[in-house]
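S.K.: Here it is, the structure, as structure tokens.
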Amino acid sequence: MEIDHELRRRIEKDSDIHFRLMNAVIGFLAISKVQTLNIDKMCTEWGIGKIKLYQLLNVMEETGLIKIVRYAKDTKTFSKGAKIFFADPSIYSVLNGDMGTRRESYIVEAFSDNVKSVFACKDERNGDFIINEITVEVGGRSKKVKKADYVIRDDIDLPYKNVIPLWLIGFI
């Protein structure tokens, strides 16, 4: 009986720490322009191991709270990925998040269910994502093409050359 009480107390304490850590991840994603986490810093601040943090991120992704975008050849068991977004891009609107992050999250969400692969570009000078082996850059009205095959721009009405309006992605 005594052991059960102590075990229950420890489980509740661990669960509380895990929920607070997941809440910290959510808070970070809501306000950050950079869509990646500093794993070492979070582990130090929260007093947990890297494996436990990776497990929590995996649970958050499996439950549909976040979407982790990895590099094409990232085969590590424990990886934070290249970019982490809310799985539902409308959360950025509700929390008044960064517009660029909101756009990228929308593209990831739109293409993740409809195509074979969505990966982050290893070199951001080439583009933001590789979608079915096509390099894509995402941005506002004046976003430059860089070295991308296509640019998806917000705040434009019509497509031209290799520029696609963001609103058209909703028809996928």
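All residue names refer to the structure tokens as shown: chains lettered A, B, ... in order, residues numbered from 1 in each chain, ligands numbered from 1 in order.
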Write out as a ChimeraX atom specification which residues come within 9 Å of stretch 60-66 of chain A when counting only C-alpha atoms, dropping same-chain ones fewer than 6 positions away.
M.R.: /A:22,26,84-88
S.K.: Using C-alpha atoms, can you export the residues from the last selection as a PDB file, in the first residue's frame?
M.R.:
ATOM      1  CA  MET A  22       4.507  19.944 -23.976  1.00  0.00           C
ATOM      2  CA  ILE A  26       3.235  24.750 -27.781  1.00  0.00           C
ATOM      3  CA  ILE A  84       8.129  21.822 -36.327  1.00  0.00           C
ATOM      4  CA  PHE A  85       4.668  23.289 -36.899  1.00  0.00           C
ATOM      5  CA  PHE A  86       1.238  23.071 -35.372  1.00  0.00           C
ATOM      6  CA  ALA A  87      -0.574  20.368 -37.333  1.00  0.00           C
ATOM      7  CA  ASP A  88      -3.505  22.755 -37.748  1.00  0.00           C
TER       8      ASP A  88
END
S.K.: Can you pull out every residue within 9 Å of A:Cys43, counting only C-alpha atoms, but drop anything in the same chain fewer than 6 positions away, and send it as a PyMOL selection string?
M.R.: chain A and resi 49-50+52-53
S.K.: Write out as a ChimeraX atom specification each polymer residue whose atoms come within 12 Å of A:Tyr92, counting only C-alpha atoms; drop sequence neighbours fewer than 3 positions from it.
M.R.: /A:26-33,66,85-89,95-106
S.K.: Residues within 9 Å of A:Val118, please, as a PyMOL selection string. Count only C-alpha atoms; anything in the same chain fewer than 3 positions from it doesn't count.
M.R.: chain A and resi 69-72+108+111-112+115+129-133
S.K.: Go through chain A and collect every residue that DSSP, computed from the backbone, puts in strand (DSSP E); the answer should be as an NGL selection string.
M.R.: :A and (66-69 or 83-86 or 118-120 or 129-131 or 134-139 or 150-153 or 163-165)
S.K.: Would you pick out the contacts of A:Lys83 at 9 Å or less, using only C-alpha atoms, so that residues sharing its chain but fewer than 2 positions from it are not included, and give the list as a list of chain:residue names?
M.R.: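 The neighbour list is A:Val34, A:Gln35, A:Thr36, A:Leu37, A:Lys67, A:Ile68, A:Val69, A:Arg70, A:Lys80, A:Gly81, A:Phe85, A:Ala120.
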S.K.: Run DSSP on the backbone and give me the residues of chain A it puts in alpha helix (DSSP H), as a ChimeraX atom specification.
M.R.: /A:2-31,39-46,50-62,90-94,99-112
S.K.: Which of these, A:Ser117, A:Pro165, A:Asn38, A:Leu57, has the shortest distance to A:Asn23 once you count only C-alpha atoms?
M.R.: A:Leu57
S.K.: Which is closer to A:Ile107 than all the others in A:Leu21, A:Leu158, A:Val151, A:Ile39, using only C-alpha atoms?
M.R.: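 Under the stated criterion, the closest residue is A:Val151.
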S.K.: Record the distance separating atom CA of A:Val25 and atom CA of A:Glu45, expressed in Å with one decimal.
M.R.: 12.5 Å
S.K.: Which one is closest to A:Ile134: A:Thr44, A:Ser90, A:Asn162, A:Asn58? Count only C-alpha atoms.
M.R.: A:Asn162
S.K.: What's the separation between atom CA of A:Trp46 and atom CA of A:Arg20, in Å to one decimal place?
M.R.: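 Calculated distance between atom CA of A:Trp46 and atom CA of A:Arg20 is 9.1 Å.
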